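Chemist: Got a structure for you, query-v5.cif, holding mmCIF, C-alpha atoms and all ligand atoms.
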```cif
data_coords
loop_
_atom_site.group_PDB
_atom_site.id
_atom_site.type_symbol
_atom_site.label_atom_id
_atom_site.label_comp_id
_atom_site.auth_asym_id
_atom_site.auth_seq_id
_atom_site.Cartn_x
_atom_site.Cartn_y
_atom_site.Cartn_z
ATOM 1 C CA MET A 1 108.781 67.313 99.453
ATOM 2 C CA ARG A 2 107.677 67.376 103.117
ATOM 3 C CA LEU A 3 106.011 70.676 103.981
ATOM 4 C CA LYS A 4 105.324 71.991 107.476
ATOM 5 C CA PHE A 5 102.279 74.238 107.666
ATOM 6 C CA THR A 6 99.838 75.922 110.035
ATOM 7 C CA LYS A 7 96.096 75.952 109.400
ATOM 8 C CA MET A 8 94.607 79.369 110.232
ATOM 9 C CA HIS A 9 91.470 81.349 109.517
ATOM 10 C CA GLY A 10 90.090 84.866 109.620
ATOM 11 C CA LEU A 11 86.318 84.680 110.184
ATOM 12 C CA GLY A 12 86.210 81.249 108.553
ATOM 13 C CA ASN A 13 88.163 82.321 105.424
ATOM 14 C CA ASP A 14 90.732 79.555 105.843
ATOM 15 C CA PHE A 15 94.402 79.380 104.991
ATOM 16 C CA VAL A 16 97.306 77.001 104.808
ATOM 17 C CA MET A 17 100.248 79.094 106.020
ATOM 18 C CA VAL A 18 103.669 77.999 104.831
ATOM 19 C CA ASP A 19 106.945 79.325 106.201
ATOM 20 C CA GLY A 20 109.238 79.621 103.179
ATOM 21 C CA ILE A 21 112.004 81.212 105.254
ATOM 22 C CA THR A 22 113.058 78.226 107.353
ATOM 23 C CA GLN A 23 112.145 75.527 104.792
ATOM 24 C CA ARG A 24 112.692 75.189 101.043
ATOM 25 C CA VAL A 25 109.355 75.377 99.234
ATOM 26 C CA LYS A 26 108.649 74.810 95.546
ATOM 27 C CA LEU A 27 105.003 75.292 94.599
ATOM 28 C CA SER A 28 103.246 74.821 91.267
ATOM 29 C CA PRO A 29 99.547 75.578 90.576
ATOM 30 C CA GLU A 30 98.949 71.817 90.627
ATOM 31 C CA LYS A 31 100.543 71.425 94.073
ATOM 32 C CA VAL A 32 98.477 74.332 95.434
ATOM 33 C CA ARG A 33 95.280 72.685 94.134
ATOM 34 C CA GLN A 34 96.350 69.396 95.740
ATOM 35 C CA ILE A 35 96.919 71.098 99.132
ATOM 36 C CA ALA A 36 93.675 73.114 98.905
ATOM 37 C CA ASP A 37 91.483 70.125 98.040
ATOM 38 C CA ARG A 38 89.036 69.599 100.935
ATOM 39 C CA HIS A 39 88.701 65.854 100.268
ATOM 40 C CA THR A 40 92.206 64.742 99.309
ATOM 41 C CA GLY A 41 94.440 67.530 100.667
ATOM 42 C CA ILE A 42 94.467 69.834 103.705
ATOM 43 C CA GLY A 43 91.676 72.084 102.424
ATOM 44 C CA CYS A 44 91.739 75.886 102.315
ATOM 45 C CA ASP A 45 90.466 78.923 100.443
ATOM 46 C CA GLN A 46 94.000 80.294 100.011
ATOM 47 C CA LEU A 47 97.569 79.153 100.551
ATOM 48 C CA LEU A 48 99.861 81.875 101.944
ATOM 49 C CA LEU A 49 103.615 81.568 101.497
ATOM 50 C CA VAL A 50 105.856 83.672 103.754
ATOM 51 C CA GLU A 51 109.243 84.584 102.289
ATOM 52 C CA ALA A 52 112.179 86.865 103.071
ATOM 53 C CA PRO A 53 111.645 90.349 101.563
ATOM 54 C CA ARG A 54 113.292 91.488 98.349
ATOM 55 C CA ASN A 55 112.978 95.100 99.525
ATOM 56 C CA PRO A 56 115.380 95.748 102.459
ATOM 57 C CA ASP A 57 113.014 98.347 103.980
ATOM 58 C CA VAL A 58 110.281 95.809 104.777
ATOM 59 C CA ASP A 59 110.097 92.790 107.107
ATOM 60 C CA PHE A 60 108.663 90.044 104.895
ATOM 61 C CA ARG A 61 107.201 89.191 101.535
ATOM 62 C CA TYR A 62 104.094 87.066 101.317
ATOM 63 C CA ARG A 63 102.543 85.384 98.303
ATOM 64 C CA ILE A 64 98.912 84.386 97.954
ATOM 65 C CA TYR A 65 97.459 81.480 95.983
ATOM 66 C CA ASN A 66 93.757 80.805 95.480
ATOM 67 C CA ALA A 67 92.415 77.244 95.842
ATOM 68 C CA ASP A 68 92.371 76.954 92.014
ATOM 69 C CA GLY A 69 96.173 77.446 91.974
ATOM 70 C CA SER A 70 96.183 81.027 90.649
ATOM 71 C CA GLU A 71 98.565 83.488 92.301
ATOM 72 C CA VAL A 72 96.819 86.736 93.309
ATOM 73 C CA GLU A 73 97.756 90.186 94.496
ATOM 74 C CA ASN A 74 96.094 90.666 97.870
ATOM 75 C CA CYS A 75 94.162 88.974 100.675
ATOM 76 C CA GLY A 76 92.810 90.961 103.633
ATOM 77 C CA ASN A 77 91.970 88.118 106.032
ATOM 78 C CA GLY A 78 95.222 86.465 105.002
ATOM 79 C CA ALA A 79 97.219 89.600 105.861
ATOM 80 C CA ARG A 80 95.892 89.501 109.433
ATOM 81 C CA CYS A 81 96.670 85.768 109.779
ATOM 82 C CA PHE A 82 100.113 86.385 108.271
ATOM 83 C CA ALA A 83 100.881 88.932 111.062
ATOM 84 C CA ARG A 84 99.911 86.465 113.759
ATOM 85 C CA PHE A 85 101.768 83.593 112.037
ATOM 86 C CA VAL A 86 105.142 85.371 111.828
ATOM 87 C CA ARG A 87 104.882 86.356 115.503
ATOM 88 C CA ASP A 88 103.730 82.908 116.710
ATOM 89 C CA ARG A 89 106.609 81.299 114.790
ATOM 90 C CA ARG A 90 108.976 83.895 116.297
ATOM 91 C CA LEU A 91 110.068 85.112 112.880
ATOM 92 C CA THR A 92 109.560 88.608 114.349
ATOM 93 C CA SER A 93 108.585 90.149 117.669
ATOM 94 C CA LYS A 94 107.446 93.433 116.102
ATOM 95 C CA GLU A 95 103.885 94.648 116.691
ATOM 96 C CA GLN A 96 104.005 96.757 113.553
ATOM 97 C CA ILE A 97 105.011 94.732 110.500
ATOM 98 C CA LEU A 98 105.697 95.842 106.928
ATOM 99 C CA VAL A 99 105.065 93.228 104.271
ATOM 100 C CA GLU A 100 105.595 93.193 100.543
ATOM 101 C CA THR A 101 102.771 91.698 98.441
ATOM 102 C CA ALA A 102 102.096 91.683 94.708
ATOM 103 C CA ALA A 103 99.705 94.599 95.438
ATOM 104 C CA GLY A 104 102.386 96.714 97.180
ATOM 105 C CA ILE A 105 103.520 97.185 100.765
ATOM 106 C CA LEU A 106 101.020 96.634 103.596
ATOM 107 C CA GLU A 107 101.390 97.821 107.178
ATOM 108 C CA LEU A 108 99.993 95.480 109.826
ATOM 109 C CA LYS A 109 99.407 96.275 113.505
ATOM 110 C CA VAL A 110 98.946 93.489 116.013
ATOM 111 C CA ARG A 111 96.433 94.608 118.640
ATOM 112 C CA GLU A 112 95.127 93.106 121.882
ATOM 113 C CA LYS A 113 94.034 89.450 121.942
ATOM 114 C CA ASP A 114 93.653 88.072 118.422
ATOM 115 C CA GLN A 115 92.884 91.375 116.664
ATOM 116 C CA VAL A 116 95.008 92.752 113.807
ATOM 117 C CA SER A 117 94.569 96.036 111.907
ATOM 118 C CA VAL A 118 95.795 96.373 108.346
ATOM 119 C CA ASP A 119 96.411 99.519 106.359
ATOM 120 C CA MET A 120 95.123 98.180 103.026
ATOM 121 C CA GLY A 121 96.255 101.234 101.050
ATOM 122 C CA GLU A 122 94.184 103.466 98.794
ATOM 123 C CA PRO A 123 91.502 101.854 96.648
ATOM 124 C CA VAL A 124 92.039 102.046 92.899
ATOM 125 C CA LEU A 125 89.029 103.229 90.899
ATOM 126 C CA GLU A 126 90.512 103.890 87.465
ATOM 127 C CA PRO A 127 88.896 101.204 85.249
ATOM 128 C CA ALA A 128 92.046 100.201 83.330
ATOM 129 C CA LYS A 129 93.921 99.620 86.585
ATOM 130 C CA ILE A 130 91.210 97.426 88.186
ATOM 131 C CA PRO A 131 91.155 95.995 85.408
ATOM 132 C CA PHE A 132 87.603 96.691 84.131
ATOM 133 C CA GLN A 133 86.493 97.681 80.652
ATOM 134 C CA ALA A 134 84.724 101.071 80.758
ATOM 135 C CA ASP A 135 85.223 104.299 78.797
ATOM 136 C CA ILE A 136 85.150 106.575 81.831
ATOM 137 C CA GLN A 137 85.426 106.167 85.597
ATOM 138 C CA ALA A 138 82.076 106.182 87.430
ATOM 139 C CA GLU A 139 80.638 105.326 90.849
ATOM 140 C CA THR A 140 78.598 102.525 89.298
ATOM 141 C CA TYR A 141 78.388 100.843 85.911
ATOM 142 C CA PRO A 142 75.626 98.917 84.128
ATOM 143 C CA LEU A 143 76.778 95.333 83.538
ATOM 144 C CA ASP A 144 74.942 92.981 81.193
ATOM 145 C CA VAL A 145 74.916 89.404 82.426
ATOM 146 C CA GLU A 146 72.980 86.681 80.642
ATOM 147 C CA GLY A 147 70.258 89.028 79.358
ATOM 148 C CA GLU A 148 69.854 91.095 82.596
ATOM 149 C CA THR A 149 71.479 94.445 83.427
ATOM 150 C CA TYR A 150 72.959 94.838 86.924
ATOM 151 C CA THR A 151 74.417 97.950 88.567
ATOM 152 C CA VAL A 152 77.913 97.288 89.904
ATOM 153 C CA GLY A 153 80.652 99.245 91.598
ATOM 154 C CA ALA A 154 84.181 98.369 90.407
ATOM 155 C CA VAL A 155 87.079 98.734 92.858
ATOM 156 C CA SER A 156 90.600 97.369 93.154
ATOM 157 C CA MET A 157 92.083 96.780 96.607
ATOM 158 C CA GLY A 158 95.164 95.461 94.831
ATOM 159 C CA ASN A 159 92.833 92.731 93.570
ATOM 160 C CA PRO A 160 89.641 93.333 91.540
ATOM 161 C CA HIS A 161 86.135 93.522 93.041
ATOM 162 C CA ALA A 162 82.617 94.080 91.691
ATOM 163 C CA VAL A 163 80.075 95.224 94.310
ATOM 164 C CA LEU A 164 76.297 94.828 93.896
ATOM 165 C CA LEU A 165 73.693 96.199 96.296
ATOM 166 C CA VAL A 166 70.984 93.764 97.390
ATOM 167 C CA ASP A 167 67.945 94.072 99.670
ATOM 168 C CA ASP A 168 68.623 90.836 101.524
ATOM 169 C CA VAL A 169 71.953 88.987 101.388
ATOM 170 C CA THR A 170 70.347 85.744 102.511
ATOM 171 C CA LYS A 171 68.379 85.682 99.244
ATOM 172 C CA ALA A 172 71.161 86.943 96.926
ATOM 173 C CA PRO A 173 72.050 84.579 94.036
ATOM 174 C CA VAL A 174 75.690 84.437 95.148
ATOM 175 C CA GLU A 175 76.604 81.087 93.548
ATOM 176 C CA THR A 176 74.994 81.651 90.159
ATOM 177 C CA LEU A 177 75.368 85.400 89.563
ATOM 178 C CA GLY A 178 78.725 85.444 91.381
ATOM 179 C CA ALA A 179 80.087 82.751 89.072
ATOM 180 C CA ALA A 180 78.718 84.531 85.955
ATOM 181 C CA ILE A 181 80.269 87.898 86.926
ATOM 182 C CA GLU A 182 83.582 86.336 88.066
ATOM 183 C CA CYS A 183 84.332 85.434 84.444
ATOM 184 C CA HIS A 184 82.612 88.400 82.759
ATOM 185 C CA PRO A 185 84.616 89.579 79.729
ATOM 186 C CA ARG A 186 84.608 93.196 81.005
ATOM 187 C CA PHE A 187 86.784 91.981 83.919
ATOM 188 C CA PRO A 188 89.731 90.573 81.938
ATOM 189 C CA ALA A 189 91.598 89.326 85.062
ATOM 190 C CA ARG A 190 88.335 87.839 86.455
ATOM 191 C CA VAL A 191 86.846 89.426 89.576
ATOM 192 C CA ASN A 192 85.670 88.857 93.162
ATOM 193 C CA VAL A 193 81.950 89.581 93.471
ATOM 194 C CA GLY A 194 80.421 91.138 96.602
ATOM 195 C CA PHE A 195 76.691 91.219 97.432
ATOM 196 C CA LEU A 196 76.153 94.065 99.903
ATOM 197 C CA GLN A 197 73.103 94.850 102.040
ATOM 198 C CA ILE A 198 73.212 98.225 103.813
ATOM 199 C CA GLU A 199 71.415 98.078 107.180
ATOM 200 C CA ALA A 200 72.355 101.530 108.541
ATOM 201 C CA ARG A 201 75.029 104.165 107.841
ATOM 202 C CA GLY A 202 77.474 102.210 110.039
ATOM 203 C CA LYS A 203 76.268 98.656 109.534
ATOM 204 C CA ALA A 204 76.102 96.287 106.568
ATOM 205 C CA ARG A 205 75.987 92.628 105.574
ATOM 206 C CA LEU A 206 78.099 91.096 102.825
ATOM 207 C CA ARG A 207 78.579 87.811 100.996
ATOM 208 C CA VAL A 208 81.452 87.374 98.556
ATOM 209 C CA PHE A 209 81.917 84.996 95.640
ATOM 210 C CA GLU A 210 85.702 84.906 95.471
ATOM 211 C CA ARG A 211 87.641 84.634 92.255
ATOM 212 C CA GLY A 212 89.359 81.260 92.090
ATOM 213 C CA VAL A 213 87.473 79.828 95.086
ATOM 214 C CA GLY A 214 83.675 80.362 95.126
ATOM 215 C CA GLU A 215 81.718 81.763 98.061
ATOM 216 C CA THR A 216 83.857 82.023 101.212
ATOM 217 C CA ARG A 217 82.784 82.719 104.798
ATOM 218 C CA ALA A 218 84.558 86.085 104.671
ATOM 219 C CA CYS A 219 86.677 88.210 102.347
ATOM 220 C CA GLY A 220 88.730 91.067 103.794
ATOM 221 C CA THR A 221 89.521 92.853 100.535
ATOM 222 C CA GLY A 222 85.855 92.276 99.569
ATOM 223 C CA ALA A 223 84.751 94.075 102.748
ATOM 224 C CA CYS A 224 87.119 96.987 101.977
ATOM 225 C CA ALA A 225 85.859 97.209 98.373
ATOM 226 C CA ALA A 226 82.239 97.092 99.599
ATOM 227 C CA MET A 227 82.938 99.973 102.011
ATOM 228 C CA VAL A 228 84.539 102.035 99.204
ATOM 229 C CA SER A 229 81.706 101.385 96.786
ATOM 230 C CA ALA A 230 79.008 102.143 99.392
ATOM 231 C CA ARG A 231 80.763 105.317 100.537
ATOM 232 C CA LEU A 232 81.232 106.576 96.967
ATOM 233 C CA ARG A 233 77.461 106.105 96.543
ATOM 234 C CA GLY A 234 76.924 108.217 99.721
ATOM 235 C CA LEU A 235 75.310 105.359 101.651
ATOM 236 C CA VAL A 236 77.601 104.933 104.688
ATOM 237 C CA ASP A 237 79.750 106.850 107.179
ATOM 238 C CA GLU A 238 83.512 106.537 107.474
ATOM 239 C CA GLU A 239 83.364 103.598 109.890
ATOM 240 C CA LEU A 240 81.413 100.515 108.899
ATOM 241 C CA GLN A 241 80.815 97.200 110.690
ATOM 242 C CA ILE A 242 80.490 94.624 107.945
ATOM 243 C CA THR A 243 79.067 91.252 108.918
ATOM 244 C CA LEU A 244 79.972 88.336 106.662
ATOM 245 C CA PRO A 245 78.791 84.736 107.127
ATOM 246 C CA GLY A 246 81.887 84.072 109.333
ATOM 247 C CA GLY A 247 81.703 87.212 111.503
ATOM 248 C CA THR A 248 82.265 90.960 111.590
ATOM 249 C CA LEU A 249 85.066 93.236 110.312
ATOM 250 C CA THR A 250 85.484 96.925 111.113
ATOM 251 C CA ILE A 251 86.359 98.962 108.041
ATOM 252 C CA HIS A 252 87.434 102.591 108.162
ATOM 253 C CA TRP A 253 87.695 104.819 105.072
ATOM 254 C CA PRO A 254 87.510 108.632 105.219
ATOM 255 C CA GLY A 255 87.191 108.907 101.418
ATOM 256 C CA PRO A 256 89.098 109.291 98.117
ATOM 257 C CA GLY A 257 92.849 109.796 98.467
ATOM 258 C CA GLU A 258 92.882 108.021 101.861
ATOM 259 C CA PRO A 259 93.849 104.446 102.760
ATOM 260 C CA VAL A 260 91.314 101.861 103.907
ATOM 261 C CA THR A 261 91.906 100.266 107.331
ATOM 262 C CA MET A 262 90.524 96.852 108.198
ATOM 263 C CA THR A 263 90.413 95.397 111.740
ATOM 264 C CA GLY A 264 89.388 91.874 112.656
ATOM 265 C CA PRO A 265 90.321 88.605 114.343
ATOM 266 C CA THR A 266 92.692 85.784 113.450
ATOM 267 C CA ALA A 267 92.748 82.176 114.647
ATOM 268 C CA ALA A 268 95.343 79.397 114.484
ATOM 269 C CA VAL A 269 93.749 75.934 114.276
ATOM 270 C CA TYR A 270 96.541 73.348 114.086
ATOM 271 C CA HIS A 271 100.064 72.633 112.823
ATOM 272 C CA GLY A 272 100.869 69.767 110.496
ATOM 273 C CA GLN A 273 103.085 68.292 107.802
ATOM 274 C CA ILE A 274 102.153 67.114 104.320
ATOM 275 C CA VAL A 275 104.176 65.036 101.889
ATOM 276 C CA LEU A 276 103.752 66.213 98.297
HETATM 277 N N1 LIG B 301 89.992 85.971 100.891
HETATM 278 C C1 LIG B 301 90.695 87.095 100.481
HETATM 279 C C2 LIG B 301 90.856 87.398 99.034
HETATM 280 C C3 LIG B 301 91.721 86.326 98.345
HETATM 281 C C4 LIG B 301 92.030 86.599 96.899
HETATM 282 C C5 LIG B 301 90.829 86.641 96.005
HETATM 283 N N2 LIG B 301 90.119 85.398 95.936
HETATM 284 C C6 LIG B 301 91.270 87.083 94.598
HETATM 285 O O1 LIG B 301 91.326 86.245 93.693
HETATM 286 O O2 LIG B 301 91.557 88.274 94.408
HETATM 287 C C7 LIG B 301 90.524 88.313 101.377
HETATM 288 O O3 LIG B 301 90.280 88.120 102.587
HETATM 289 O O4 LIG B 301 90.732 89.436 100.929
#
```
What does the file become when written as structure tokens?

Modeler:
Amino acid sequence: MRLKFTKMHGLGNDFVMVDGITQRVKLSPEKVRQIADRHTGIGCDQLLLVEAPRNPDVDFRYRIYNADGSEVENCGNGARCFARFVRDRRLTSKEQILVETAAGILELKVREKDQVSVDMGEPVLEPAKIPFQADIQAETYPLDVEGETYTVGAVSMGNPHAVLLVDDVTKAPVETLGAAIECHPRFPARVNVGFLQIEARGKARLRVFERGVGETRACGTGACAAMVSARLRGLVDEELQITLPGGTLTIHWPGPGEPVTMTGPTAAVYHGQIVL
């Protein structure tokens, strides 16, 4: 199979974008791992496959695969790149795009220059729906990991996130603790793990150990989950600039019952073909 693709990124969270509308694409977890391999493939954190919608009221469907081959529900940086991709490839000329994902329907707005805003929907906090094992819903939960107890927030933005507060993100044990929490038995679908440092009521820093990838330069859903967790703890205002290793996202969330909006840049790097 010869596959045409575009390499894109959102703040260094990098994607192989595949148009499954104008070419026939058959992917297996093994093929995704082969494409994502940074030494023997193209290299990416996620592969995003654009398809025709199944729901006639929306414009597209897009599917998301982590570098380990697992298919997941949502990807914030990917959603922004998806909007730019379908316009650059002239699959649509709309500035407001509705897309079906495994996490539900997202609304994307293409703004000036490279900026895209995404209505990421309402966060889900009910433990069983995250999924997270807890008897009752709470703002934070104690989580035992290898003999230590950590305080975590648990949020789903369509995909599961644990959020820990730290004093200094540069010193956070992202690789070790992130990997231990990713596979914690209380998160039965595994989890993305965010390490959040609050700098002011409108400013924070974040590093994310992503499920199925490891630490990435940025995670859009991770930034949304961090905002929700921080706001539920009363630590931030409704607009937050979150700086990740790859750059800054603006996250807006008035509070429970409201959708989270994420705004940030997209970049196309190159087009190519791979034979699989
Ligand atoms: N990089 C993404 C999140 C991708 C999916 C995640 N690793 C998961 O397994 O849920 C983002 O920008 O949100």

Chemist: On this structure, which residues satisfy the PyMOL selection byres (((chain A and resi 247-256) around 9) and not hetatm), written as a VMD selection string?

Modeler: chain A and resid 10 to 12 122 to 123 205 217 to 218 220 223 to 224 227 to 228 231 to 232 237 to 246 257 to 265

Chemist: Write as a tab-separated table (two decimals) with C-alpha atoms, in the coordinates of the input the residues around ligand LIG 301 (chain B), taking 7 Å as the cut-off and counting only C-alpha atoms and all ligand atoms.

Modeler:
```
chain	number	residue	atom	x	y	z
A	13	ASN	CA	88.16	82.32	105.42
A	46	GLN	CA	94.00	80.29	100.01
A	66	ASN	CA	93.76	80.81	95.48
A	72	VAL	CA	96.82	86.74	93.31
A	73	GLU	CA	97.76	90.19	94.50
A	74	ASN	CA	96.09	90.67	97.87
A	75	CYS	CA	94.16	88.97	100.68
A	76	GLY	CA	92.81	90.96	103.63
A	77	ASN	CA	91.97	88.12	106.03
A	78	GLY	CA	95.22	86.46	105.00
A	159	ASN	CA	92.83	92.73	93.57
A	160	PRO	CA	89.64	93.33	91.54
A	191	VAL	CA	86.85	89.43	89.58
A	192	ASN	CA	85.67	88.86	93.16
A	210	GLU	CA	85.70	84.91	95.47
A	211	ARG	CA	87.64	84.63	92.26
A	212	GLY	CA	89.36	81.26	92.09
A	213	VAL	CA	87.47	79.83	95.09
A	218	ALA	CA	84.56	86.08	104.67
A	219	CYS	CA	86.68	88.21	102.35
A	220	GLY	CA	88.73	91.07	103.79
A	221	THR	CA	89.52	92.85	100.54
A	222	GLY	CA	85.86	92.28	99.57
```

Chemist: Between A:Val169, A:Val275, A:Val16, A:Val118, which one has atoms that come closest to Arg2 of chain A, using all atoms listed in the file?

Modeler: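 Closest residue, counting all atoms listed in the file: A:Val275.
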
Chemist: Would you mind reading off the distance between atom CA of Glu71 of chain A and atom CA of Val25 of chain A, one decimal, in Å?

Modeler: 15.2 Å

Chemist: Can you work out which one of A:Leu235, A:Asn55, A:Ile35, A:Gln273 has the shortest atom-to-atom distance to Thr6 of chain A, counting all atoms listed in the file?

Modeler: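 Once distances to Thr6 of chain A are computed over all atoms listed in the file, the minimum belongs to A:Gln273.
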
Chemist: Running the PyMOL selection byres (((chain A and resi 133) around 8) and not hetatm) on this model by hand, what would come out? Give it as a list of chain:residue names.

Modeler: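 Checked against the file, the PyMOL selection byres (((chain A and resi 133) around 8) and not hetatm) matches A:Pro127, A:Ala128, A:Pro131, A:Phe132, A:Ala134, A:Asp135, A:Arg186, A:Phe187, A:Pro188.
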
Chemist: With a distance cut-off of 8 Å and all atoms listed in the file, select the neighbouring residues of Gln197 of chain A, excluding the residue or stretch itself and same-chain residues fewer than 3 positions from it, and output the selection as a PDB file with C-alpha atoms, in the frame of the given file.

Modeler:
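Generated file (part-v2.pdb):
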```
ATOM      1  CA  LEU A 165      73.693  96.199  96.296  1.00  0.00           C
ATOM      2  CA  VAL A 166      70.984  93.764  97.390  1.00  0.00           C
ATOM      3  CA  ASP A 167      67.945  94.072  99.670  1.00  0.00           C
ATOM      4  CA  ASP A 168      68.623  90.836 101.524  1.00  0.00           C
ATOM      5  CA  VAL A 169      71.953  88.987 101.388  1.00  0.00           C
ATOM      6  CA  ALA A 204      76.102  96.287 106.568  1.00  0.00           C
ATOM      7  CA  ARG A 205      75.987  92.628 105.574  1.00  0.00           C
ATOM      8  CA  LEU A 206      78.099  91.096 102.825  1.00  0.00           C
TER       9      LEU A 206
END
```

Chemist: Choose the residue, out of A:Glu182, A:Glu175, A:Glu139, A:Asp57, that has the smallest atom-to-atom separation from Ser229 of chain A; count all atoms listed in the file.

Modeler: A:Glu139

Chemist: Is it possible to get the axis-aligned box enclosing segment 187-206 of chain A (all listed atoms, 8 Å extra per side) as AutoDock Vina command-line options, with centre and edge lengths in Å rounded to one decimal?

Modeler:
```
--center_x 81.5 --center_y 96.0 --center_z 96.0 --size_x 36.2 --size_y 32.3 --size_z 44.1
```

Chemist: Complete the atoms of segment 85-99 of chain A to N, CA, C and O atoms and put them out as a compact mmCIF listing (two decimals), keeping the file's coordinate frame.

Modeler:
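Once everything was written out, this is selection.txt:
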```
# COMPACT_ATOMS: atom_id res chain seq x y z
N PHE A 85 100.91 84.75 112.35
CA PHE A 85 101.77 83.59 112.04
C PHE A 85 103.25 83.92 112.26
O PHE A 85 103.97 83.18 112.91
N VAL A 86 103.71 85.07 111.72
CA VAL A 86 105.14 85.37 111.83
C VAL A 86 105.53 85.66 113.28
O VAL A 86 106.67 85.41 113.69
N ARG A 87 104.57 86.13 114.08
CA ARG A 87 104.88 86.36 115.50
C ARG A 87 104.85 85.03 116.27
O ARG A 87 105.74 84.74 117.04
N ASP A 88 103.82 84.20 116.01
CA ASP A 88 103.73 82.91 116.71
C ASP A 88 104.95 82.03 116.41
O ASP A 88 105.43 81.30 117.25
N ARG A 89 105.44 82.11 115.17
CA ARG A 89 106.61 81.30 114.79
C ARG A 89 107.92 81.97 115.17
O ARG A 89 108.99 81.50 114.82
N ARG A 90 107.82 83.11 115.84
CA ARG A 90 108.98 83.90 116.30
C ARG A 90 109.89 84.30 115.15
O ARG A 90 111.11 84.36 115.29
N LEU A 91 109.28 84.58 113.99
CA LEU A 91 110.07 85.11 112.88
C LEU A 91 110.26 86.62 113.08
O LEU A 91 111.11 87.23 112.47
N THR A 92 109.41 87.21 113.93
CA THR A 92 109.56 88.61 114.35
C THR A 92 108.88 88.79 115.70
O THR A 92 107.97 88.02 116.04
N SER A 93 109.30 89.84 116.43
CA SER A 93 108.58 90.15 117.67
C SER A 93 107.92 91.52 117.53
O SER A 93 107.35 92.04 118.47
N LYS A 94 108.02 92.10 116.32
CA LYS A 94 107.45 93.43 116.10
C LYS A 94 105.92 93.42 116.21
O LYS A 94 105.28 92.44 115.83
N GLU A 95 105.35 94.53 116.67
CA GLU A 95 103.88 94.65 116.69
C GLU A 95 103.39 95.37 115.44
O GLU A 95 102.22 95.35 115.10
N GLN A 96 104.32 96.06 114.80
CA GLN A 96 104.00 96.76 113.55
C GLN A 96 104.88 96.14 112.46
O GLN A 96 106.11 96.20 112.58
N ILE A 97 104.26 95.53 111.48
CA ILE A 97 105.01 94.73 110.50
C ILE A 97 104.77 95.27 109.10
O ILE A 97 103.62 95.54 108.72
N LEU A 98 105.85 95.42 108.33
CA LEU A 98 105.70 95.84 106.93
C LEU A 98 105.91 94.62 106.04
O LEU A 98 106.89 93.90 106.20
N VAL A 99 104.97 94.41 105.14
CA VAL A 99 105.06 93.23 104.27
C VAL A 99 104.83 93.61 102.82
O VAL A 99 103.96 94.41 102.49
```
